[in-house]
Structures are given as C-alpha cells and as structure tokens.
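What follows is a short report on a single structure.
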Amino acid sequence: MSFKRSGGRSHDQLRQVRITPGFTRYAEGSVLIEMGETRVICTASVDDRVPLFKRGKGEGWVTAEYAMLPRATETRTQRDAGRGQISGRAQEIQRLIGRSLRAVVEHNRLGERTLYLDCDVIQADGGTRTASITGAFVALVLALRKLYDAGKIAGPIPVTDYVAAVSVGVISGAPMLDLDYNEDSRAEVDMNIVRTGSGKYIEIQGTAETRPFTDEQMIAMTALASRGIDELISAQRRVLGELR
C-alpha cells in the first residue's frame, strides 16, 4: 500500500476514541465523543409530548438533530439559521441518526414522550455522522436511566442492543477503517456502516467516488467496519456497562 496514513495508523486501526459522559449540565443525557480530531457534543433531552402522528397510541418517539458549528472546519460555514433552512446534508445525517437509534428502542415502553438527540459538531475531521451515532446512543441510554431512576419508566430500560457506527473506504485500492477528512477526500470508495452489538446491520451507505468496487472489497470493508464497531461498543460499555 503506497498511501501512508496520518499518525502511522494501520489500515484496520481506529483513531483514538474518547467518550466523556455528563459533559453538559442540564440535558438528561450528554457526552462528548472524540474520534481523533473529530469532536461532537451529543445531548439527549426528554419532552413529555409526542408528535401528532404518535398521539393517543401510548408510544414514545426518538428523533435527532445534527449541526456543525461555523468554525468546526478550516473555513467558516454559514449557520443554517443564517440561510433560513436546514442544509440537505444536515437533514440526511439527522435522519440517519434517528433511524439508527429507533432501531433498538422499544417505543411502546417509553410512554408518550419524545427523546431528542442533538448532535453538535464542534470540530470536524471526517466521520462526524458516525461519531454522532456512537455518542448519541450513550446519551440516549443515560437519559433513559434518568427516567428509570425517577420512576417514569419501568426497568429494564427500553433498549434492546448497543449501536455504533464507523466509516470505511478504499484508498489506492486498499480498504481502510475510520477515515479522517484527508483520507475521505481522496477515497475511491466511501462507506458508513451502522451495526448493533449483536452483529445486525441497521444501515450501510456506500458510494464509489471514482470507480466501482468489487465484491471482495465490499466484504473487506464490512469486515473492517465490524472490527471497528466492536471496539466502539467496547468503549461505550466502559461508560455504560450492561444495558439494564
């Protein structure tokens, strides 16, 4: 492989991962997740109401919002509020985060309340959507435990499995795990994979940026992603322990 990764990482190595729980004061659940130089604040807020389409059904709802600070990147980007609308990219990412978390939540045990997951990127160096999913899951569980401690939901908490996500790609013909921005910008293939702790896939987003990829490369990328997700779930477990 001719391409040399920053920091001397091997092709199957994650960037350094840090998950700091209780990062903000007021949210029912919060974390700062750091994947290398990418940093995202994930907060979970509880609202004792549900969207109109859920009212009267005795079920809850989980949804997400995603945004980047103007100087999360090398050059300033305009806030969505300044443009008067949410960018298409932000809409797509926050829908992905919401889908990923709803896949493991038992909504019929939440009661008629909504959990909002806000993922705010304070520094971006690739993999912001996957870091958001991984961090938002931890914030979600922390918020649900707070509801349980307050006697508002019955135990065990209504989450069926762990969830984490990671990026993979192909650079100079070689599959690689957890791409930073420099790698992502030159990747021939870019893929984001969301998976549960028990090994079930929630979503696979993959694009050939310059040339189509083979079955062999696809298998190699999913294998790399599974290895990375197992490590990320281990990091989540160090914060949360067993789901209960």
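Just so we're on the same page: first chain in the structure tokens is A, next is B, and so on; residues restart at 1 for each chain, and ligands are numbered from 1 in the order they show up.
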- Message: List the spatial neighbours of Met218 of chain A as number ranges by chain - criterion: any atom at most 12 Å away, only C-alpha atoms, same-chain residues fewer than 4 positions off excluded.
- Response: A: 168-170, 173-176, 189-193, 204-208, 212-214, 222-225
Quick one: pick out all strand (DSSP E) residues within segment 6-115 of chain A from a backbone DSSP run and write them as a tab-separated table (two decimals) with N, CA and C atoms, in the first residue's frame.
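Saved to out38.tsv:
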chain	number	residue	atom	x	y	z
A	17	VAL	N	-10.26	6.95	20.53
A	17	VAL	CA	-11.66	7.19	20.89
A	17	VAL	C	-11.75	7.58	22.35
A	18	ARG	N	-12.48	8.67	22.61
A	18	ARG	CA	-12.76	9.08	23.99
A	18	ARG	C	-14.23	9.45	24.09
A	19	ILE	N	-14.92	8.91	25.09
A	19	ILE	CA	-16.32	9.25	25.35
A	19	ILE	C	-16.41	9.77	26.77
A	20	THR	N	-16.78	11.03	26.92
A	20	THR	CA	-16.87	11.68	28.23
A	20	THR	C	-18.33	11.89	28.58
A	21	PRO	N	-18.88	11.13	29.54
A	21	PRO	CA	-20.30	11.29	29.89
A	21	PRO	C	-20.52	12.51	30.78
A	29	GLY	N	-29.22	13.41	29.32
A	29	GLY	CA	-28.06	12.60	28.98
A	29	GLY	C	-27.13	13.38	28.07
A	30	SER	N	-25.83	13.31	28.30
A	30	SER	CA	-24.91	14.05	27.44
A	30	SER	C	-23.54	13.40	27.43
A	31	VAL	N	-22.86	13.53	26.28
A	31	VAL	CA	-21.48	13.06	26.16
A	31	VAL	C	-20.73	13.98	25.21
A	32	LEU	N	-19.43	14.00	25.38
A	32	LEU	CA	-18.52	14.49	24.34
A	32	LEU	C	-17.85	13.26	23.77
A	33	ILE	N	-18.00	13.05	22.46
A	33	ILE	CA	-17.29	11.94	21.83
A	33	ILE	C	-16.20	12.50	20.94
A	34	GLU	N	-15.01	11.92	21.06
A	34	GLU	CA	-13.86	12.34	20.26
A	34	GLU	C	-13.34	11.13	19.49
A	35	MET	N	-13.29	11.29	18.18
A	35	MET	CA	-12.70	10.28	17.31
A	35	MET	C	-11.53	10.97	16.60
A	38	THR	N	-11.98	14.69	15.41
A	38	THR	CA	-13.42	14.95	15.30
A	38	THR	C	-14.03	14.93	16.69
A	39	ARG	N	-14.79	15.98	17.02
A	39	ARG	CA	-15.39	16.09	18.35
A	39	ARG	C	-16.84	16.52	18.22
A	40	VAL	N	-17.72	15.77	18.90
A	40	VAL	CA	-19.15	16.02	18.81
A	40	VAL	C	-19.75	15.99	20.21
A	41	ILE	N	-20.55	17.01	20.52
A	41	ILE	CA	-21.33	17.01	21.76
A	41	ILE	C	-22.70	16.42	21.44
A	42	CYS	N	-23.06	15.35	22.14
A	42	CYS	CA	-24.36	14.70	21.95
A	42	CYS	C	-25.18	14.85	23.22
A	43	THR	N	-26.37	15.42	23.12
A	43	THR	CA	-27.24	15.57	24.28
A	43	THR	C	-28.58	14.92	24.01
A	44	ALA	N	-29.16	14.34	25.06
A	44	ALA	CA	-30.49	13.73	25.00
A	44	ALA	C	-31.42	14.50	25.91
A	45	SER	N	-32.51	15.00	25.34
A	45	SER	CA	-33.49	15.77	26.09
A	45	SER	C	-34.84	15.06	26.06
A	46	VAL	N	-35.55	15.10	27.17
A	46	VAL	CA	-36.84	14.42	27.29
A	46	VAL	C	-37.96	15.44	27.27
A	47	ASP	N	-38.96	15.20	26.42
A	47	ASP	CA	-40.15	16.04	26.34
A	47	ASP	C	-41.36	15.14	26.55
A	61	TRP	N	-41.29	8.39	21.09
A	61	TRP	CA	-40.61	8.66	19.83
A	61	TRP	C	-39.19	9.11	20.12
A	62	VAL	N	-38.28	8.75	19.24
A	62	VAL	CA	-36.89	9.17	19.32
A	62	VAL	C	-36.53	9.86	18.01
A	63	THR	N	-35.97	11.06	18.10
A	63	THR	CA	-35.60	11.80	16.91
A	63	THR	C	-34.28	12.52	17.15
A	64	ALA	N	-33.68	13.02	16.08
A	64	ALA	CA	-32.34	13.61	16.21
A	64	ALA	C	-32.22	14.88	15.39
A	65	GLU	N	-31.33	15.75	15.82
A	65	GLU	CA	-30.93	16.91	15.04
A	65	GLU	C	-29.39	16.96	15.02
A	66	TYR	N	-28.87	17.47	13.90
A	66	TYR	CA	-27.42	17.48	13.68
A	66	TYR	C	-27.03	18.84	13.14
A	67	ALA	N	-25.92	19.37	13.64
A	67	ALA	CA	-25.43	20.65	13.14
A	67	ALA	C	-23.93	20.74	13.39
A	68	MET	N	-23.26	21.59	12.59
A	68	MET	CA	-21.84	21.86	12.80
A	68	MET	C	-21.67	23.33	13.14
A	114	THR	N	-41.09	12.15	24.01
A	114	THR	CA	-40.11	12.19	22.93
A	114	THR	C	-38.72	12.40	23.50
A	115	LEU	N	-37.76	11.66	22.98
A	115	LEU	CA	-36.35	11.90	23.30
A	115	LEU	C	-35.68	12.53	22.09
- Among listed residues A:Gly111, A:Gly199, A:Gly127, A:Pro158, nearest Lys57 of chain A (using only C-alpha atoms): A:Gly111
- Message: What's around Arg102 of chain A at 12 Å? Count only C-alpha atoms, leave out sequence neighbours fewer than 5 positions away in its own chain, and write the answer as an MDAnalysis selection string.
- Response: chainID A and resid 60:64 95:97 107:108 110 114:117 133 136:137 140 158:163 196 202
- Message: For the helix (DSSP H, G or I) assignment from backbone DSSP, which residues of segment 5-244 of chain A qualify? Please present them as a PyMOL selection string.
- Response: chain A and resi 6-8+52-54+80-83+88-102+107-109+128-149+181-186+215-240
Keeping only C-alpha atoms, write the selected residues as an mmCIF file, in the first residue's frame.
data_model
loop_
_atom_site.group_PDB
_atom_site.id
_atom_site.type_symbol
_atom_site.label_atom_id
_atom_site.label_comp_id
_atom_site.auth_asym_id
_atom_site.auth_seq_id
_atom_site.Cartn_x
_atom_site.Cartn_y
_atom_site.Cartn_z
ATOM 1 C CA SER A 6 -1.544 10.171 9.342
ATOM 2 C CA GLY A 7 -0.208 9.135 12.729
ATOM 3 C CA GLY A 8 1.110 5.909 11.250
ATOM 4 C CA LEU A 52 -49.084 14.394 16.249
ATOM 5 C CA PHE A 53 -48.837 11.076 14.416
ATOM 6 C CA LYS A 54 -47.981 9.329 17.723
ATOM 7 C CA ASP A 80 -28.425 27.065 8.909
ATOM 8 C CA ALA A 81 -30.320 29.854 10.669
ATOM 9 C CA GLY A 82 -28.474 32.376 8.502
ATOM 10 C CA ARG A 83 -29.575 30.563 5.343
ATOM 11 C CA GLY A 88 -29.748 18.865 2.702
ATOM 12 C CA ARG A 89 -26.648 17.250 4.210
ATOM 13 C CA ALA A 90 -27.735 18.038 7.779
ATOM 14 C CA GLN A 91 -31.241 16.709 7.106
ATOM 15 C CA GLU A 92 -29.873 13.461 5.701
ATOM 16 C CA ILE A 93 -27.497 12.961 8.629
ATOM 17 C CA GLN A 94 -30.034 13.679 11.357
ATOM 18 C CA ARG A 95 -32.488 11.258 9.756
ATOM 19 C CA LEU A 96 -29.749 8.622 9.741
ATOM 20 C CA ILE A 97 -29.036 9.225 13.447
ATOM 21 C CA GLY A 98 -32.731 8.977 14.299
ATOM 22 C CA ARG A 99 -33.220 5.756 12.310
ATOM 23 C CA SER A 100 -30.153 4.188 13.888
ATOM 24 C CA LEU A 101 -31.353 4.816 17.435
ATOM 25 C CA ARG A 102 -35.009 3.956 16.838
ATOM 26 C CA HIS A 107 -41.161 2.723 21.786
ATOM 27 C CA ASN A 108 -44.161 1.035 23.393
ATOM 28 C CA ARG A 109 -42.349 1.158 26.747
ATOM 29 C CA THR A 128 -18.917 13.244 12.027
ATOM 30 C CA ARG A 129 -22.111 11.278 11.302
ATOM 31 C CA THR A 130 -20.711 8.004 12.590
ATOM 32 C CA ALA A 131 -19.279 9.663 15.707
ATOM 33 C CA SER A 132 -22.680 11.291 16.267
ATOM 34 C CA ILE A 133 -24.471 7.938 16.169
ATOM 35 C CA THR A 134 -21.964 6.317 18.519
ATOM 36 C CA GLY A 135 -22.111 9.204 21.004
ATOM 37 C CA ALA A 136 -25.870 9.755 20.733
ATOM 38 C CA PHE A 137 -26.511 6.147 21.740
ATOM 39 C CA VAL A 138 -24.641 6.693 25.006
ATOM 40 C CA ALA A 139 -26.514 9.953 25.677
ATOM 41 C CA LEU A 140 -29.814 8.163 24.971
ATOM 42 C CA VAL A 141 -29.105 5.395 27.478
ATOM 43 C CA LEU A 142 -28.049 7.915 30.130
ATOM 44 C CA ALA A 143 -31.335 9.797 29.637
ATOM 45 C CA LEU A 144 -33.387 6.599 29.846
ATOM 46 C CA ARG A 145 -31.635 5.645 33.065
ATOM 47 C CA LYS A 146 -32.545 9.038 34.477
ATOM 48 C CA LEU A 147 -36.193 8.389 33.581
ATOM 49 C CA TYR A 148 -35.992 4.985 35.254
ATOM 50 C CA ASP A 149 -34.393 6.435 38.395
ATOM 51 C CA TYR A 181 -11.013 14.170 6.342
ATOM 52 C CA ASN A 182 -7.791 13.943 4.330
ATOM 53 C CA GLU A 183 -8.458 10.270 3.627
ATOM 54 C CA ASP A 184 -12.159 10.727 2.925
ATOM 55 C CA SER A 185 -11.466 13.478 0.385
ATOM 56 C CA ARG A 186 -9.245 11.172 -1.694
ATOM 57 C CA ASP A 215 -17.460 -7.999 -4.012
ATOM 58 C CA GLU A 216 -14.063 -8.680 -2.500
ATOM 59 C CA GLN A 217 -13.629 -5.043 -1.498
ATOM 60 C CA MET A 218 -17.179 -4.908 -0.147
ATOM 61 C CA ILE A 219 -16.543 -7.941 2.063
ATOM 62 C CA ALA A 220 -13.236 -6.475 3.241
ATOM 63 C CA MET A 221 -14.868 -3.154 4.127
ATOM 64 C CA THR A 222 -17.729 -4.718 6.088
ATOM 65 C CA ALA A 223 -15.242 -6.902 7.952
ATOM 66 C CA LEU A 224 -13.159 -3.825 8.833
ATOM 67 C CA ALA A 225 -16.293 -1.966 9.934
ATOM 68 C CA SER A 226 -17.375 -4.845 12.170
ATOM 69 C CA ARG A 227 -13.974 -4.883 13.834
ATOM 70 C CA GLY A 228 -14.141 -1.129 14.393
ATOM 71 C CA ILE A 229 -17.713 -1.223 15.675
ATOM 72 C CA ASP A 230 -16.809 -3.947 18.161
ATOM 73 C CA GLU A 231 -14.100 -1.633 19.530
ATOM 74 C CA LEU A 232 -16.503 1.311 19.666
ATOM 75 C CA ILE A 233 -19.093 -0.739 21.530
ATOM 76 C CA SER A 234 -16.393 -1.749 23.994
ATOM 77 C CA ALA A 235 -15.758 1.981 24.560
ATOM 78 C CA GLN A 236 -19.500 2.519 25.069
ATOM 79 C CA ARG A 237 -19.619 -0.386 27.528
ATOM 80 C CA ARG A 238 -16.826 1.167 29.580
ATOM 81 C CA VAL A 239 -19.131 4.143 30.120
ATOM 82 C CA LEU A 240 -22.500 2.357 30.395
#
- Query: Between atom CA of Thr73 of chain A and atom CA of Gln123 of chain A, what is the spacing in Å?
  - Reply: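 Between atom CA of Gln123 of chain A and atom CA of Thr73 of chain A the gap works out to 6.4 Å.
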- Between atom CA of Gly56 of chain A and atom CA of Ile86 of chain A, measure the distance and give it in Å to one decimal. 29.9 Å
- Which residue, A:Gln85, A:Val104, A:His11, A:Arg79, has the smallest gap to Ser172 of chain A when you use only C-alpha atoms?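 Checking each candidate against Ser172 of chain A, we get A:His11 as the closest.
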